[in-house]
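Participant: Let me begin by handing over the structure; questions about it come next.
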Amino acid sequence: MGYLSSDEINQGTAFNGAALQNGREILFQAFNWESHKHDWWRNLDRKVPDIARSGFTSAWLPPATHSFSPEGYLPQNLYSLDSSYGSEYLLKALLQKMKQHKVRAMVDVVINHRIGTTQGHGGRYNRYDGIPLSWDEHAVTSCSGGLGNRSTGDNFHGVPNIDHTQPFVRKDIIGWLQWLRKYVGFQDFRFDFAKGYAAKFVKEYVEQSKPIFSIGEYWDTCNYTPSYRLDYNQDSHRQRIINWIDNTGGLSAAFDFTTKGILQEAVKGELWRLRDPQGKPPGVMGWWPSRSVTFIDNHDTGSTQAHWPFPSSHIMEGYAYILTHPGIPTVFYDHFYDWGNPTHDQIVKLLDIRRSQDIYSRSSIRILEAQSNLYSAIIGEKLCMKIGDGSWCPSGREWKLATSGHRYAVWHK
Ligand SMILES: *[C@@H]1O[C@H](CO)[C@@H](O)[C@H](O)[C@H]1NC(C)=O
């Protein structure tokens with residue numbers, strides 16, 4: 001299998017290796033699909049102390065630049081920081097406060113596509129006259145109506161897709177990323193719709209703009225049976241995400257969509273899914289844990305879009321799994337702040353345990369049980385956990401209960 005890639009080699013050479021090597025990142029997704037309606041930079045400003053206290057190392061903010069759509073995913077003027085989330089002034093105040101509290105700010109980098117300002121080739125809006133980075137149709141892929149090359153990835157339909165094969169385009173994007181990093185003050189990057197352009201461009205962008213940490217959204221469909229049941233084996237799915245990471249030179253982590261897809265079926269009484277034939281975790285986490293960013297929902301899969309939601313009655317089992325396991329876990333805003341204090345506090349407890357037991361992205365894992373209604377594992381030899389209806393308890397007097405809730409429990413030594 002080709003999955004054991006150049007991880008160890010890259011560890012030594014990556015300038016941004018610090019965060020990846022350390023492996024103790026805990027991420028917070030600091031928005032949902034409706035955030036643009038709620039004076040967001042100000043709202044987050046008030047929450048920074050709690051986010052810091054809870055142990056998050058980095059908070060992913062929604063796209064901060066001017067966009068055609070209020071959510072920020074149809075960018076136009078990349079150098080304007082006035083967005084529906086708030087003014088440039090409020091954004092900078094937020095970033096300042098995050099710096100004081102030692103929570104890094106992750107910018108949502110939307111560079112697969114860009115909305116034009118004026119009509120060009122074919123009568124389409126594929127020119128950018130009158131704003132900074134005033135590209136013409138040659139910056140737009142031929143697949144999306146421009147005069148550039150074919151896309152090096154999937155086409156995002158209905159809008160001009162940026163042609164990353166053009167040297168002038170890459171030079172401008174690198175300049176913009178450096179501006180976000182050095183002048184605006186973001187430290188981490190999240191690459192939106194990373195399926196839309198080749199991973200080698202992400203490698204170049206990361207090398208040139210040096211984020212402390214970066215993640216790609218390589219969202220691919222899982223494997224299903226003809227009757228739309230999730231296949232047990234998702235190896236080809238996780239291999240595609242791993243290939244993407246590998247093609248960034250290992251410089252970027254990726255969201256572990258494989259783990260999300262399997263976990264949300266597993267918690268519905270199919271916990272046998274959580275052990276692959278080799279006895280490992282079945283997602284990207286099982287093969288390249290230091291590059292696997294685990295999560296259970298985000299602004300697309302959950303929130304008001306609910307494209308692929310985690311079953312709501314199993315949220316805490318989901319967190320009991322990702323917050324005790326290898327990989328780099330992410331907590332979603334809605335679960336942390338909109339689901340009430342008990343959920344917030346149960347998540348905080350799991351975060352505390354992760355840190356006090358020093359569980360990190362490459363902690364060892366031994367899966368003990370993976371049956372329909374019971375999953376249990378020992379992580380880092382000093383923590384063990386179970387999820388599911390089935391009862392289970394570690395053997396040995398050295399284990400003490402650290403926390404428990406509906407269908408989950410965690411012990412430490
Ligand atoms: C892309 O198009 C340009 C001309 O606009 C050409 O010189 C270049 O070789 C093409 N690059 C690729 C990778 O196809």
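Here's how to read the names in the structure tokens: chain A, B, ... by the order shown, residue numbers from 1 in each chain, ligand numbers from 1 in the order shown.
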Please report as a Markdown table every residue of segment 253-347 of chain A lying within 12 Å of segment 189-208 of chain A, along with the nearest atom pair and their distance in Å (one decimal), using only C-alpha atoms.
Facilitator:
| residue | atom | partner | partner_atom | distance |
| --- | --- | --- | --- | --- |
| A:Ala253 | CA | A:Arg190 | CA | 9.4 |
| A:Ala254 | CA | A:Arg190 | CA | 9.0 |
| A:Phe255 | CA | A:Arg190 | CA | 9.7 |
| A:Val293 | CA | A:Arg190 | CA | 11.1 |
| A:Asp300 | CA | A:Asp192 | CA | 11.6 |
Participant: Output C-alpha atoms for every residue in the selection just made, as a short mmCIF file (atom, residue, chain, number, x, y, z; two decimals), in the first residue's frame.
Facilitator:
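Done, and the output landed in result05.cif:
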data_model
loop_
_atom_site.label_atom_id
_atom_site.label_comp_id
_atom_site.auth_asym_id
_atom_site.auth_seq_id
_atom_site.Cartn_x
_atom_site.Cartn_y
_atom_site.Cartn_z
CA ALA A 253 -2.87 18.52 6.75
CA ALA A 254 -6.36 17.66 5.47
CA PHE A 255 -9.81 17.31 6.95
CA VAL A 293 -7.77 16.88 11.01
CA ASP A 300 -21.54 22.70 5.16
#
Participant: Could you list the protein, DNA and RNA residues that have any atom within 12 Å of ligand 1, counting only C-alpha atoms and all ligand atoms, and write them as a VMD selection string?
Facilitator: chain A and resid 136 to 142 146 to 152 163 to 169 197 to 198 200 to 201
Participant: Just the strand (DSSP E or B) stuff from segment 201-393 of chain A, please, per backbone DSSP, written as a ChimeraX atom specification.
Facilitator: /A:213-216,224,230,253-255,292-294,328-332,365-371,374-379,383-387
Participant: Taking N, CA, C and O atoms for each residue, export the selection above as a tab-separated table (two decimals), in the first residue's frame.
Facilitator:
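To be explicit, this is the file written out as out.tsv:
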chain	number	residue	atom	x	y	z
A	213	PHE	N	0.42	26.58	10.35
A	213	PHE	CA	-0.31	25.32	10.19
A	213	PHE	C	-1.26	25.49	9.02
A	213	PHE	O	-1.81	26.57	8.82
A	214	SER	N	-1.46	24.45	8.22
A	214	SER	CA	-2.45	24.58	7.15
A	214	SER	C	-3.22	23.29	6.93
A	214	SER	O	-2.72	22.19	7.18
A	215	ILE	N	-4.47	23.46	6.48
A	215	ILE	CA	-5.38	22.33	6.24
A	215	ILE	C	-6.03	22.51	4.88
A	215	ILE	O	-6.40	23.62	4.50
A	216	GLY	N	-6.23	21.41	4.17
A	216	GLY	CA	-6.98	21.46	2.93
A	216	GLY	C	-8.34	20.79	3.09
A	216	GLY	O	-8.46	19.79	3.79
A	224	TYR	N	-20.09	3.80	-1.48
A	224	TYR	CA	-21.39	3.27	-1.07
A	224	TYR	C	-21.74	2.03	-1.87
A	224	TYR	O	-21.30	1.88	-3.02
A	230	LEU	N	-23.23	2.78	3.32
A	230	LEU	CA	-21.80	3.07	3.36
A	230	LEU	C	-21.00	1.77	3.37
A	230	LEU	O	-21.25	0.89	4.18
A	253	ALA	N	-2.00	19.58	6.26
A	253	ALA	CA	-2.87	18.52	6.75
A	253	ALA	C	-4.16	18.57	5.93
A	253	ALA	O	-4.32	19.44	5.07
A	254	ALA	N	-5.08	17.65	6.18
A	254	ALA	CA	-6.36	17.66	5.47
A	254	ALA	C	-7.48	17.23	6.42
A	254	ALA	O	-7.25	16.44	7.34
A	255	PHE	N	-8.66	17.74	6.17
A	255	PHE	CA	-9.81	17.31	6.95
A	255	PHE	C	-10.04	15.82	6.68
A	255	PHE	O	-10.00	15.39	5.53
A	292	SER	N	-4.10	14.25	9.77
A	292	SER	CA	-5.55	14.06	9.78
A	292	SER	C	-6.21	15.06	10.73
A	292	SER	O	-5.94	15.06	11.93
A	293	VAL	N	-7.03	15.92	10.18
A	293	VAL	CA	-7.77	16.88	11.01
A	293	VAL	C	-9.19	16.34	11.15
A	293	VAL	O	-9.97	16.34	10.19
A	294	THR	N	-9.50	15.82	12.34
A	294	THR	CA	-10.78	15.18	12.56
A	294	THR	C	-11.84	16.20	12.98
A	294	THR	O	-11.53	17.23	13.59
A	328	ILE	N	-5.73	15.44	14.66
A	328	ILE	CA	-5.84	16.80	15.16
A	328	ILE	C	-7.33	17.14	15.21
A	328	ILE	O	-7.96	17.35	14.17
A	329	PRO	N	-7.93	17.15	16.40
A	329	PRO	CA	-9.38	17.30	16.48
A	329	PRO	C	-9.86	18.75	16.32
A	329	PRO	O	-9.17	19.70	16.69
A	330	THR	N	-11.07	18.88	15.78
A	330	THR	CA	-11.72	20.18	15.61
A	330	THR	C	-13.08	20.14	16.29
A	330	THR	O	-13.84	19.19	16.13
A	331	VAL	N	-13.40	21.18	17.03
A	331	VAL	CA	-14.72	21.31	17.64
A	331	VAL	C	-15.50	22.37	16.86
A	331	VAL	O	-14.96	23.44	16.53
A	332	PHE	N	-16.74	22.06	16.56
A	332	PHE	CA	-17.57	22.96	15.75
A	332	PHE	C	-18.31	23.96	16.65
A	332	PHE	O	-18.83	23.59	17.70
A	365	ILE	N	-2.37	3.82	19.48
A	365	ILE	CA	-3.76	3.39	19.75
A	365	ILE	C	-3.86	1.88	19.61
A	365	ILE	O	-3.29	1.27	18.70
A	366	ARG	N	-4.59	1.29	20.54
A	366	ARG	CA	-4.89	-0.13	20.50
A	366	ARG	C	-6.40	-0.26	20.61
A	366	ARG	O	-6.98	0.16	21.61
A	367	ILE	N	-7.04	-0.77	19.57
A	367	ILE	CA	-8.50	-0.94	19.60
A	367	ILE	C	-8.80	-2.27	20.29
A	367	ILE	O	-8.27	-3.31	19.90
A	368	LEU	N	-9.64	-2.22	21.32
A	368	LEU	CA	-9.92	-3.42	22.10
A	368	LEU	C	-11.23	-4.08	21.67
A	368	LEU	O	-11.32	-5.30	21.59
A	369	GLU	N	-12.25	-3.28	21.44
A	369	GLU	CA	-13.54	-3.80	21.05
A	369	GLU	C	-14.08	-2.97	19.89
A	369	GLU	O	-13.96	-1.74	19.91
A	370	ALA	N	-14.68	-3.64	18.92
A	370	ALA	CA	-15.37	-2.93	17.84
A	370	ALA	C	-16.53	-3.80	17.39
A	370	ALA	O	-16.46	-4.53	16.41
A	371	GLN	N	-17.60	-3.79	18.18
A	371	GLN	CA	-18.82	-4.56	17.91
A	371	GLN	C	-19.94	-3.59	17.57
A	371	GLN	O	-19.76	-2.39	17.67
A	374	LEU	N	-20.61	-1.47	20.83
A	374	LEU	CA	-19.51	-1.18	21.75
A	374	LEU	C	-18.19	-1.00	21.01
A	374	LEU	O	-17.81	-1.85	20.18
A	375	TYR	N	-17.53	0.11	21.31
A	375	TYR	CA	-16.18	0.35	20.81
A	375	TYR	C	-15.34	0.77	22.00
A	375	TYR	O	-15.78	1.60	22.81
A	376	SER	N	-14.16	0.19	22.13
A	376	SER	CA	-13.25	0.66	23.18
A	376	SER	C	-11.81	0.61	22.68
A	376	SER	O	-11.48	-0.20	21.79
A	377	ALA	N	-11.00	1.48	23.24
A	377	ALA	CA	-9.61	1.58	22.79
A	377	ALA	C	-8.75	2.16	23.90
A	377	ALA	O	-9.24	2.88	24.77
A	378	ILE	N	-7.46	1.82	23.85
A	378	ILE	CA	-6.46	2.43	24.73
A	378	ILE	C	-5.61	3.34	23.87
A	378	ILE	O	-5.11	2.92	22.82
A	379	ILE	N	-5.46	4.58	24.30
A	379	ILE	CA	-4.70	5.55	23.52
A	379	ILE	C	-3.52	6.03	24.36
A	379	ILE	O	-3.69	6.44	25.51
A	383	LEU	N	-4.69	6.34	28.59
A	383	LEU	CA	-6.09	6.73	28.55
A	383	LEU	C	-6.86	5.62	27.86
A	383	LEU	O	-6.37	5.03	26.89
A	384	CYS	N	-8.04	5.30	28.35
A	384	CYS	CA	-8.88	4.40	27.58
A	384	CYS	C	-10.31	4.92	27.57
A	384	CYS	O	-10.69	5.76	28.40
A	385	MET	N	-11.06	4.48	26.58
A	385	MET	CA	-12.39	5.04	26.38
A	385	MET	C	-13.31	4.00	25.79
A	385	MET	O	-12.86	3.00	25.23
A	386	LYS	N	-14.61	4.23	25.94
A	386	LYS	CA	-15.59	3.40	25.26
A	386	LYS	C	-16.74	4.29	24.78
A	386	LYS	O	-17.03	5.33	25.37
A	387	ILE	N	-17.35	3.90	23.68
A	387	ILE	CA	-18.60	4.52	23.25
A	387	ILE	C	-19.58	3.41	22.89
A	387	ILE	O	-19.18	2.27	22.65
Participant: Considering only C-alpha atoms, tabulate each residue of segment 268-364 of chain A that lies at most 12 Å from segment 36-47 of chain A along with its nearest interatomic pair and the corresponding distance in Å to one decimal; arrange the rows by chain and ascending residue number and present them as a tab-separated table.
Facilitator:
residue	atom	partner	partner_atom	distance
A:His299	CA	A:His36	CA	11.9
A:Tyr333	CA	A:Leu44	CA	10.4
A:Phe336	CA	A:Lys47	CA	11.1
A:Tyr337	CA	A:Lys47	CA	9.5
Participant: Next, write the just-selected residues to a file, as a PDB file, in the first residue's frame, keeping C-alpha atoms as the atom set.
Facilitator:
ATOM      1  CA  HIS A 299     -20.714  24.828   8.242  1.00  0.00           C
ATOM      2  CA  TYR A 333     -18.991  26.301  16.967  1.00  0.00           C
ATOM      3  CA  PHE A 336     -19.702  24.372  21.689  1.00  0.00           C
ATOM      4  CA  TYR A 337     -21.874  27.469  21.965  1.00  0.00           C
TER       5      TYR A 337
END
Participant: Leaving out Gly130 of chain A and any residue of its chain fewer than 5 positions from it, which residues lie within 12 Å of it when counting only C-alpha atoms, given as a list in words?
Facilitator: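 Residues meeting the cut-off are Gln76, Asn77, Gly116, Thr117, Thr118, Trp135 and Asp136 of chain A.
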Participant: Would you kindly return, as a JSON list (two decimals) with N, CA, C and O atoms, in the first residue's frame, each protein, DNA or RNA residue with an atom no farther than 6 Å from any atom of Leu27 of chain A, considering only C-alpha atoms and excluding same-chain residues fewer than 6 positions away?
Facilitator:
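Generated output (out.json):
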[["chain", "number", "residue", "atom", "x", "y", "z"],
["A", 56, "PHE", "N", -8.03, 25.55, 23.03],
["A", 56, "PHE", "CA", -7.87, 25.56, 21.58],
["A", 56, "PHE", "C", -6.60, 26.32, 21.20],
["A", 56, "PHE", "O", -6.33, 27.38, 21.74],
["A", 58, "SER", "N", -5.98, 27.09, 17.93],
["A", 58, "SER", "CA", -6.23, 27.85, 16.71],
["A", 58, "SER", "C", -7.74, 27.91, 16.46],
["A", 58, "SER", "O", -8.45, 26.93, 16.73],
["A", 59, "ALA", "N", -8.20, 29.05, 15.98],
["A", 59, "ALA", "CA", -9.62, 29.17, 15.64],
["A", 59, "ALA", "C", -9.73, 29.52, 14.16],
["A", 59, "ALA", "O", -9.12, 30.49, 13.69],
["A", 330, "THR", "N", -11.07, 18.88, 15.78],
["A", 330, "THR", "CA", -11.72, 20.18, 15.61],
["A", 330, "THR", "C", -13.08, 20.14, 16.29],
["A", 330, "THR", "O", -13.84, 19.19, 16.13]]
